[in-house]
file protein_28.txt (compact mmCIF, C-alpha atoms and all ligand atoms)
# COMPACT_ATOMS: atom_id res chain seq x y z
CA MET A 194 0.00 0.00 0.00
CA THR A 195 1.40 3.44 -0.85
CA GLY A 196 1.85 6.11 1.82
CA GLN A 197 -1.08 8.49 2.29
CA PHE A 198 -1.12 11.97 3.75
CA ILE A 199 -4.01 12.98 6.02
CA THR A 200 -4.27 16.41 7.64
CA PHE A 201 -6.55 17.62 10.43
CA GLU A 202 -7.75 21.20 10.55
CA GLY A 203 -10.08 23.29 12.68
CA GLY A 204 -10.15 25.88 15.42
CA GLU A 205 -8.62 25.66 18.87
CA GLY A 206 -10.04 22.92 21.06
CA ALA A 207 -11.87 21.28 18.14
CA GLY A 208 -10.48 17.89 19.18
CA LYS A 209 -7.83 17.42 16.48
CA THR A 210 -5.14 15.96 18.76
CA THR A 211 -7.66 13.62 20.42
CA GLN A 212 -9.02 12.35 17.10
CA ILE A 213 -5.62 11.98 15.45
CA ALA A 214 -4.55 9.54 18.19
CA LEU A 215 -7.77 7.53 17.74
CA LEU A 216 -7.38 7.39 13.95
CA LYS A 217 -3.76 6.26 14.27
CA GLN A 218 -4.89 3.36 16.47
CA ARG A 219 -7.61 2.39 14.01
CA LEU A 220 -5.25 2.43 11.02
CA GLU A 221 -2.61 0.46 12.90
CA GLU A 222 -5.21 -2.22 13.59
CA LEU A 223 -5.31 -2.66 9.80
CA GLY A 224 -1.53 -3.15 9.76
CA ILE A 225 -0.75 0.34 8.47
CA GLN A 226 2.40 2.08 9.72
CA VAL A 227 1.39 5.59 10.86
CA ILE A 228 3.51 8.66 11.62
CA LEU A 229 1.91 11.44 13.69
CA THR A 230 3.22 14.93 13.28
CA ARG A 231 2.10 18.54 13.67
CA GLU A 232 2.47 22.10 12.41
CA PRO A 233 3.97 24.46 13.07
CA GLY A 234 6.79 22.08 13.96
CA GLY A 235 7.21 18.37 13.36
CA SER A 236 10.96 18.48 12.64
CA PRO A 237 13.77 19.83 14.85
CA GLY A 238 14.20 22.98 12.72
CA ALA A 239 10.48 23.63 12.45
CA GLU A 240 9.96 23.13 16.21
CA LYS A 241 12.38 26.04 16.81
CA ILE A 242 10.29 28.23 14.52
CA ARG A 243 7.11 27.02 16.32
CA GLU A 244 8.42 28.40 19.57
CA MET A 245 9.03 31.83 17.97
CA LEU A 246 5.57 31.87 16.42
CA LEU A 247 3.45 30.64 19.33
CA SER A 248 5.27 32.63 22.01
CA GLY A 249 4.46 35.83 20.09
CA ALA A 250 8.17 36.63 19.58
CA ALA A 251 7.62 36.80 15.80
CA ARG A 252 4.50 38.98 16.05
CA LYS A 253 6.47 42.15 15.36
CA LEU A 254 7.28 40.82 11.88
CA GLY A 255 3.60 41.31 11.02
CA PRO A 256 1.25 38.76 9.39
CA ARG A 257 3.28 38.50 6.14
CA GLY A 258 6.51 37.88 8.08
CA GLU A 259 4.76 35.28 10.23
CA ALA A 260 3.36 33.63 7.08
CA MET A 261 6.93 33.36 5.77
CA LEU A 262 8.04 31.71 9.01
CA PHE A 263 5.16 29.21 8.86
CA ALA A 264 6.22 28.46 5.27
CA ALA A 265 9.91 28.04 6.24
CA ALA A 266 8.93 25.65 9.04
CA ARG A 267 6.67 23.73 6.62
CA ALA A 268 9.41 23.39 3.99
CA ASP A 269 11.74 21.79 6.54
CA HIS A 270 8.97 19.56 7.90
CA VAL A 271 7.91 18.39 4.42
CA ASP A 272 11.47 17.67 3.30
CA SER A 273 12.78 16.00 6.44
CA VAL A 274 9.71 14.17 7.84
CA ILE A 275 6.65 13.99 5.58
CA VAL A 276 8.18 13.08 2.22
CA PRO A 277 10.59 10.45 3.62
CA ALA A 278 7.70 8.79 5.52
CA LEU A 279 5.43 8.73 2.45
CA GLU A 280 8.28 7.34 0.36
CA ARG A 281 8.68 4.51 2.89
CA GLY A 282 4.99 3.73 2.38
CA ASP A 283 3.95 5.01 5.84
CA TRP A 284 0.80 7.00 6.35
CA VAL A 285 1.31 10.50 7.75
CA ILE A 286 -1.30 12.23 9.91
CA CYS A 287 -0.51 15.89 10.47
CA ASP A 288 -2.14 18.19 13.04
CA ARG A 289 -2.64 21.31 10.85
CA PHE A 290 -0.94 22.00 7.53
CA ALA A 291 -1.11 24.56 4.71
CA ASP A 292 -4.87 25.19 5.11
CA SER A 293 -4.12 26.71 8.52
CA THR A 294 -1.88 29.31 6.88
CA ARG A 295 -4.63 30.14 4.38
CA VAL A 296 -7.06 30.62 7.25
CA TYR A 297 -5.01 32.23 10.03
CA GLN A 298 -2.64 34.38 7.99
CA GLY A 299 -5.35 34.99 5.36
CA GLU A 300 -7.70 36.24 8.06
CA ALA A 301 -4.89 38.47 9.35
CA GLY A 302 -4.79 40.18 5.93
CA VAL A 303 -2.02 38.46 3.98
CA ASP A 304 -2.79 38.60 0.26
CA THR A 305 -4.04 35.33 -1.29
CA GLN A 306 -1.44 35.50 -4.06
CA VAL A 307 1.34 35.76 -1.50
CA LEU A 308 -0.12 32.77 0.38
CA ASP A 309 -0.39 30.77 -2.88
CA LEU A 310 3.25 31.49 -3.66
CA LEU A 311 4.47 30.59 -0.17
CA GLU A 312 2.44 27.38 -0.21
CA THR A 313 3.82 26.32 -3.59
CA VAL A 314 7.39 26.81 -2.38
CA ALA A 315 6.85 25.23 1.05
CA VAL A 316 4.99 22.06 0.09
CA ALA A 317 6.92 21.44 -3.15
CA GLY A 318 4.08 19.32 -4.54
CA THR A 319 3.27 17.41 -1.33
CA ARG A 320 -0.43 17.91 -0.72
CA PRO A 321 -2.85 16.08 1.57
CA ASP A 322 -4.79 13.12 0.15
CA LEU A 323 -7.53 13.81 2.70
CA THR A 324 -8.20 16.69 5.09
CA ILE A 325 -10.52 16.25 8.06
CA LEU A 326 -12.00 19.54 9.19
CA ILE A 327 -13.41 19.37 12.73
CA ASP A 328 -15.87 22.23 12.83
CA ILE A 329 -16.83 23.72 16.16
CA PRO A 330 -18.20 27.07 17.37
CA ALA A 331 -15.25 29.14 18.64
CA GLU A 332 -16.82 29.57 22.07
CA ILE A 333 -16.99 25.81 22.70
CA GLY A 334 -13.45 25.16 21.43
CA LEU A 335 -11.97 27.97 23.50
CA SER A 336 -13.79 26.89 26.64
CA ARG A 337 -12.31 23.39 26.23
CA VAL A 338 -8.84 24.85 25.81
CA SER A 339 -9.21 27.09 28.84
CA ALA A 340 -10.51 24.16 30.96
CA ARG A 341 -7.46 22.14 29.83
CA SER A 342 -4.96 24.91 30.62
CA LYS A 343 -6.28 25.05 34.18
CA THR A 344 -5.42 21.38 34.69
CA ASP A 345 -2.12 20.99 32.81
CA ALA A 346 1.19 22.80 32.39
CA SER A 347 0.39 24.44 29.02
CA GLY A 348 0.88 27.88 30.55
CA GLY A 349 -2.17 29.80 29.28
CA PRO A 350 -3.26 30.95 25.81
CA ASP A 351 -0.71 31.19 22.98
CA ARG A 352 -0.27 33.98 20.41
CA PHE A 353 -3.29 32.83 18.35
CA GLU A 354 -5.61 31.51 21.08
CA SER A 355 -5.67 34.91 22.75
CA ASP A 356 -7.34 36.61 19.72
CA ASN A 357 -10.93 37.77 20.20
CA ILE A 358 -13.97 35.57 19.59
CA ALA A 359 -14.96 37.39 16.36
CA THR A 360 -11.54 36.58 14.89
CA HIS A 361 -11.94 32.91 15.85
CA GLU A 362 -15.39 32.83 14.23
CA ARG A 363 -14.05 34.40 11.00
CA ARG A 364 -11.40 31.66 10.91
CA ARG A 365 -14.13 29.06 11.33
CA THR A 366 -15.97 30.48 8.30
CA LEU A 367 -12.77 30.51 6.25
CA PHE A 368 -12.12 26.82 7.05
CA LEU A 369 -15.66 25.96 5.96
CA ASP A 370 -15.17 27.98 2.74
CA LEU A 371 -12.00 26.00 1.95
CA ALA A 372 -13.89 22.74 2.52
CA LYS A 373 -16.66 23.86 0.15
CA ARG A 374 -14.11 24.70 -2.54
CA GLU A 375 -12.46 21.25 -2.37
CA PRO A 376 -15.18 18.75 -1.40
CA ASP A 377 -13.19 15.77 -2.73
CA ARG A 378 -10.29 16.46 -0.40
CA PHE A 379 -12.18 17.65 2.70
CA GLY A 380 -14.37 15.69 5.09
CA VAL A 381 -16.16 17.95 7.59
CA VAL A 382 -17.30 16.64 10.98
CA ASP A 383 -19.26 18.32 13.74
CA GLY A 384 -16.85 18.63 16.68
CA ARG A 385 -19.58 19.38 19.24
CA HIS A 386 -20.40 15.69 19.66
CA SER A 387 -18.69 13.28 22.05
CA SER A 388 -15.18 12.07 21.15
CA ASP A 389 -16.58 8.61 20.35
CA HIS A 390 -19.20 10.01 18.02
CA VAL A 391 -16.67 12.25 16.23
CA ALA A 392 -14.25 9.30 15.89
CA LYS A 393 -16.98 7.20 14.24
CA GLU A 394 -17.75 9.97 11.73
CA ILE A 395 -14.07 10.38 10.92
CA TRP A 396 -13.63 6.65 10.40
CA TRP A 397 -16.64 6.62 8.11
CA ILE A 398 -14.98 9.33 5.98
CA VAL A 399 -11.55 7.63 6.00
CA GLU A 400 -12.99 4.22 5.05
CA ARG A 401 -14.79 5.65 2.08
CA HIS A 402 -11.99 7.92 0.96
CA PHE A 403 -9.42 5.11 0.91
CA LYS A 404 -11.84 2.30 0.10
CA ASP A 405 -9.95 1.12 -2.98
CA LEU A 406 -6.66 0.95 -1.08
CA PHE A 407 -8.21 -0.95 1.83
CA VAL A 408 -9.90 -3.40 -0.50
CA GLU A 409 -6.64 -3.92 -2.37
CA ALA A 410 -4.78 -4.64 0.87
CA GLY A 411 -7.47 -6.98 2.32
CA GLY A 412 -8.40 -7.03 6.02
CA GLU A 413 -11.32 -7.33 8.37
CA ASP A 414 -13.11 -4.14 7.42
CA ILE A 415 -13.12 -5.05 3.77
CA ALA A 416 -16.10 -7.38 4.04
CA THR A 417 -18.14 -4.53 5.52
CA LEU A 418 -17.09 -2.20 2.74
CA LYS A 419 -17.98 -4.72 0.06
CA GLU A 420 -21.40 -5.33 1.62
CA GLN A 421 -22.10 -1.59 1.38
CA ASP A 422 -21.33 -1.48 -2.37
N1 LIG B 501 -1.18 28.38 12.95
C1 LIG B 501 -1.15 29.41 12.03
O1 LIG B 501 -1.50 30.55 12.37
N2 LIG B 501 -0.73 29.15 10.76
C2 LIG B 501 -0.31 27.93 10.36
O2 LIG B 501 0.08 27.75 9.21
C3 LIG B 501 -0.34 26.86 11.33
C4 LIG B 501 -0.79 27.12 12.61
C5 LIG B 501 0.11 25.49 10.94
C6 LIG B 501 -0.97 26.13 16.70
O3 LIG B 501 -1.59 25.81 17.86
C7 LIG B 501 -1.43 27.54 16.37
O4 LIG B 501 -0.73 27.98 15.21
C8 LIG B 501 -2.88 27.55 16.02
C9 LIG B 501 -2.96 28.09 14.61
C10 LIG B 501 -1.61 28.64 14.33
N3 LIG B 501 -3.62 28.45 16.81
N4 LIG B 501 -3.73 28.37 18.00
N5 LIG B 501 -3.86 28.41 19.09
P1 LIG B 501 -1.45 24.45 18.64
O5 LIG B 501 -0.83 23.43 17.77
O6 LIG B 501 -0.78 24.73 19.92
O7 LIG B 501 -2.96 24.21 19.01
P2 LIG B 501 -4.22 23.82 18.17
O8 LIG B 501 -3.82 23.25 16.86
O9 LIG B 501 -5.14 24.96 18.11
O10 LIG B 501 -4.78 22.62 19.01
P3 LIG B 501 -5.48 22.58 20.43
O11 LIG B 501 -5.86 23.90 20.95
O12 LIG B 501 -4.61 21.74 21.29
O13 LIG B 501 -6.83 21.85 20.11
P4 LIG B 501 -7.16 20.44 19.45
O14 LIG B 501 -5.91 19.65 19.19
O15 LIG B 501 -8.06 20.67 18.32
O16 LIG B 501 -8.01 19.73 20.59
P5 LIG B 501 -7.62 18.56 21.65
O17 LIG B 501 -6.28 18.87 22.25
O18 LIG B 501 -7.86 17.25 21.08
O19 LIG B 501 -8.76 18.85 22.70
C11 LIG B 501 -8.82 20.04 23.47
C12 LIG B 501 -9.50 19.71 24.83
O20 LIG B 501 -10.85 19.34 24.58
C13 LIG B 501 -8.85 18.55 25.57
O21 LIG B 501 -8.92 18.80 26.94
C14 LIG B 501 -9.71 17.35 25.19
O22 LIG B 501 -9.71 16.36 26.16
C15 LIG B 501 -11.08 17.99 25.04
N6 LIG B 501 -11.89 17.35 23.99
C16 LIG B 501 -11.48 16.85 22.80
N7 LIG B 501 -12.52 16.36 22.10
C17 LIG B 501 -13.63 16.58 22.86
C18 LIG B 501 -15.02 16.29 22.66
N8 LIG B 501 -15.47 15.71 21.55
N9 LIG B 501 -15.87 16.68 23.63
C19 LIG B 501 -15.42 17.30 24.76
N10 LIG B 501 -14.12 17.57 25.03
C20 LIG B 501 -13.23 17.22 24.07

call {"tool": "encode", "arguments": {"input": "protein_28.txt", "output": "structure tokens"}}
result
Amino acid sequence: MTGQFITFEGGEGAGKTTQIALLKQRLEELGIQVILTREPGGSPGAEKIREMLLSGAARKLGPRGEAMLFAAARADHVDSVIVPALERGDWVICDRFADSTRVYQGEAGVDTQVLDLLETVAVAGTRPDLTILIDIPAEIGLSRVSARSKTDASGGPDRFESDNIATHERRRTLFLDLAKREPDRFGVVDGRHSSDHVAKEIWWIVERHFKDLFVEAGGEDIATLKEQD
């Protein structure tokens, strides 16, 4: 089976990290080797840039400068982690990718043509086979994040979490617009449901998206898929 690239997108507290772990487990049960990674970051070089971006240290560069840093981090991540894994035949699940730049830096006013150019250079042809968008009202996502930061050592809101609710809602709309523009690549799930419910919806999307590959490889779920034909 060839390596496949799945990305997760959505606002803060949507449940991306939770669902990525569950999907990894499910794919591994089918004998698939899965690499989990995230953006910004995912490679040693990109993790250094992550720190600059999320701490707010890069804020003074302005949205275009920040977009360039996200792109630089992505280029390193793609070259040193994502492409080698896909070439080995592993599946890669990435917590945020280029769609996040379109949404966050786009919302902050960076010109679409600039974002297109940066994306082309950063991804160098490596694009997701499937993107799961977990859609959630900003208020719910942020309340989950704030409940979590009270109980762990995450140290309060980062550079992007601390933006106002209207900004978070505009980002939500932009994510949904991207999903409408590329319905074959995006699967949208309602993140307000329980983790179990969301995981089932995501698996439903993944099974159908990669049906031909799963059938080719054989396995327990295949009988179910064939019955549904
Ligand atoms: N950014 C950008 O501007 N441009 C870019 O190109 C890229 C990123 C790539 C990275 O943040 C920031 O960088 C991000 C955009 C910007 N903005 N912010 N902030 P990050 O990586 O640190 O954080 P995040 O991506 O926003 O993830 P998150 O806040 O950790 O949320 P999550 O991964 O979607 O959710 P979670 O960790 O799975 O769950 C959050 C909490 O909710 C946790 O306590 C769970 O136990 C709970 N949870 C999860 N699912 C449920 C359900 N279904 N019900 C109830 N509770 C739940």

call {"tool": "residues_near_ligand", "arguments": {"input": "protein_28.txt", "ligand": "ligand LIG 501 (chain B)", "cutoff": "7 Å", "atoms": "only C-alpha atoms and all ligand atoms", "output": "PyMOL selection string"}}
result
chain A and resi 203-212+232-233+247+263+288-294+297-298+337-338+340-341+351-354+384-388+391

call {"tool": "closest_residue", "arguments": {"input": "protein_28.txt", "among": "A:Asp322, A:Glu222, A:Glu240, A:Asp283", "to": "Asp269 in chain A", "atoms": "all atoms listed in the file"}}
result
A:Glu240

call {"tool": "atom_distance", "arguments": {"input": "protein_28.txt", "atom1": "CA of Glu312 in chain A", "atom2": "CA of Gly299 in chain A"}}
result
12.2 Å

call {"tool": "atom_distance", "arguments": {"input": "protein_28.txt", "atom1": "CA of Gly334 in chain A", "atom2": "CA of Pro350 in chain A"}}
result
12.5 Å

call {"tool": "atom_distance", "arguments": {"input": "protein_28.txt", "atom1": "CA of Met261 in chain A", "atom2": "CA of Val314 in chain A"}}
result
10.5 Å

call {"tool": "closest_atom_pairs", "arguments": {"input": "protein_28.txt", "of": "range 281-360 of chain A", "to": "range 395-405 of chain A", "cutoff": "12 Å", "atoms": "all atoms listed in the file", "output": "JSON lines"}}
result
{"residue": "A:Trp284", "atom": "CA", "partner": "A:Phe403", "partner_atom": "CA", "distance": 11.7}
{"residue": "A:Ile286", "atom": "CA", "partner": "A:Val399", "partner_atom": "CA", "distance": 11.9}
{"residue": "A:Asp322", "atom": "CA", "partner": "A:His402", "partner_atom": "CA", "distance": 8.9}
{"residue": "A:Leu323", "atom": "CA", "partner": "A:His402", "partner_atom": "CA", "distance": 7.6}
{"residue": "A:Thr324", "atom": "CA", "partner": "A:Val399", "partner_atom": "CA", "distance": 9.7}
{"residue": "A:Ile325", "atom": "CA", "partner": "A:Ile395", "partner_atom": "CA", "distance": 7.4}
{"residue": "A:Leu326", "atom": "CA", "partner": "A:Ile395", "partner_atom": "CA", "distance": 9.5}
{"residue": "A:Ile327", "atom": "CA", "partner": "A:Ile395", "partner_atom": "CA", "distance": 9.2}

call {"tool": "closest_residue", "arguments": {"input": "protein_28.txt", "among": "A:Cys287, A:Glu394, A:Ala317, A:Asn357", "to": "Thr200 in chain A", "atoms": "only C-alpha atoms"}}
result
A:Cys287

call {"tool": "decode", "arguments": {"input": "protein_28.txt", "residues": "range 311-363 of chain A", "atoms": "C-alpha atoms", "output": "PDB file, in the first residue's frame"}}
result
ATOM      1  CA  LEU A 311       4.471  30.588  -0.169  1.00  0.00           C
ATOM      2  CA  GLU A 312       2.444  27.377  -0.209  1.00  0.00           C
ATOM      3  CA  THR A 313       3.820  26.317  -3.586  1.00  0.00           C
ATOM      4  CA  VAL A 314       7.390  26.805  -2.383  1.00  0.00           C
ATOM      5  CA  ALA A 315       6.849  25.233   1.050  1.00  0.00           C
ATOM      6  CA  VAL A 316       4.991  22.060   0.087  1.00  0.00           C
ATOM      7  CA  ALA A 317       6.924  21.436  -3.151  1.00  0.00           C
ATOM      8  CA  GLY A 318       4.082  19.324  -4.543  1.00  0.00           C
ATOM      9  CA  THR A 319       3.274  17.407  -1.333  1.00  0.00           C
ATOM     10  CA  ARG A 320      -0.426  17.905  -0.718  1.00  0.00           C
ATOM     11  CA  PRO A 321      -2.847  16.080   1.571  1.00  0.00           C
ATOM     12  CA  ASP A 322      -4.794  13.121   0.146  1.00  0.00           C
ATOM     13  CA  LEU A 323      -7.525  13.812   2.697  1.00  0.00           C
ATOM     14  CA  THR A 324      -8.199  16.687   5.095  1.00  0.00           C
ATOM     15  CA  ILE A 325     -10.525  16.248   8.059  1.00  0.00           C
ATOM     16  CA  LEU A 326     -12.003  19.544   9.190  1.00  0.00           C
ATOM     17  CA  ILE A 327     -13.408  19.373  12.726  1.00  0.00           C
ATOM     18  CA  ASP A 328     -15.868  22.228  12.827  1.00  0.00           C
ATOM     19  CA  ILE A 329     -16.827  23.723  16.162  1.00  0.00           C
ATOM     20  CA  PRO A 330     -18.199  27.071  17.368  1.00  0.00           C
ATOM     21  CA  ALA A 331     -15.251  29.136  18.643  1.00  0.00           C
ATOM     22  CA  GLU A 332     -16.818  29.572  22.065  1.00  0.00           C
ATOM     23  CA  ILE A 333     -16.988  25.813  22.702  1.00  0.00           C
ATOM     24  CA  GLY A 334     -13.450  25.157  21.434  1.00  0.00           C
ATOM     25  CA  LEU A 335     -11.966  27.972  23.496  1.00  0.00           C
ATOM     26  CA  SER A 336     -13.794  26.894  26.641  1.00  0.00           C
ATOM     27  CA  ARG A 337     -12.307  23.387  26.232  1.00  0.00           C
ATOM     28  CA  VAL A 338      -8.835  24.854  25.811  1.00  0.00           C
ATOM     29  CA  SER A 339      -9.214  27.090  28.837  1.00  0.00           C
ATOM     30  CA  ALA A 340     -10.505  24.159  30.957  1.00  0.00           C
ATOM     31  CA  ARG A 341      -7.455  22.145  29.833  1.00  0.00           C
ATOM     32  CA  SER A 342      -4.956  24.912  30.622  1.00  0.00           C
ATOM     33  CA  LYS A 343      -6.280  25.046  34.175  1.00  0.00           C
ATOM     34  CA  THR A 344      -5.415  21.384  34.685  1.00  0.00           C
ATOM     35  CA  ASP A 345      -2.121  20.991  32.813  1.00  0.00           C
ATOM     36  CA  ALA A 346       1.189  22.803  32.390  1.00  0.00           C
ATOM     37  CA  SER A 347       0.386  24.443  29.025  1.00  0.00           C
ATOM     38  CA  GLY A 348       0.884  27.880  30.551  1.00  0.00           C
ATOM     39  CA  GLY A 349      -2.168  29.805  29.276  1.00  0.00           C
ATOM     40  CA  PRO A 350      -3.256  30.951  25.808  1.00  0.00           C
ATOM     41  CA  ASP A 351      -0.708  31.190  22.985  1.00  0.00           C
ATOM     42  CA  ARG A 352      -0.273  33.982  20.411  1.00  0.00           C
ATOM     43  CA  PHE A 353      -3.292  32.828  18.352  1.00  0.00           C
ATOM     44  CA  GLU A 354      -5.609  31.510  21.077  1.00  0.00           C
ATOM     45  CA  SER A 355      -5.673  34.915  22.749  1.00  0.00           C
ATOM     46  CA  ASP A 356      -7.337  36.606  19.720  1.00  0.00           C
ATOM     47  CA  ASN A 357     -10.931  37.771  20.198  1.00  0.00           C
ATOM     48  CA  ILE A 358     -13.966  35.568  19.586  1.00  0.00           C
ATOM     49  CA  ALA A 359     -14.957  37.386  16.357  1.00  0.00           C
ATOM     50  CA  THR A 360     -11.535  36.576  14.893  1.00  0.00           C
ATOM     51  CA  HIS A 361     -11.941  32.912  15.852  1.00  0.00           C
ATOM     52  CA  GLU A 362     -15.390  32.832  14.231  1.00  0.00           C
ATOM     53  CA  ARG A 363     -14.050  34.400  10.999  1.00  0.00           C
TER      54      ARG A 363
END
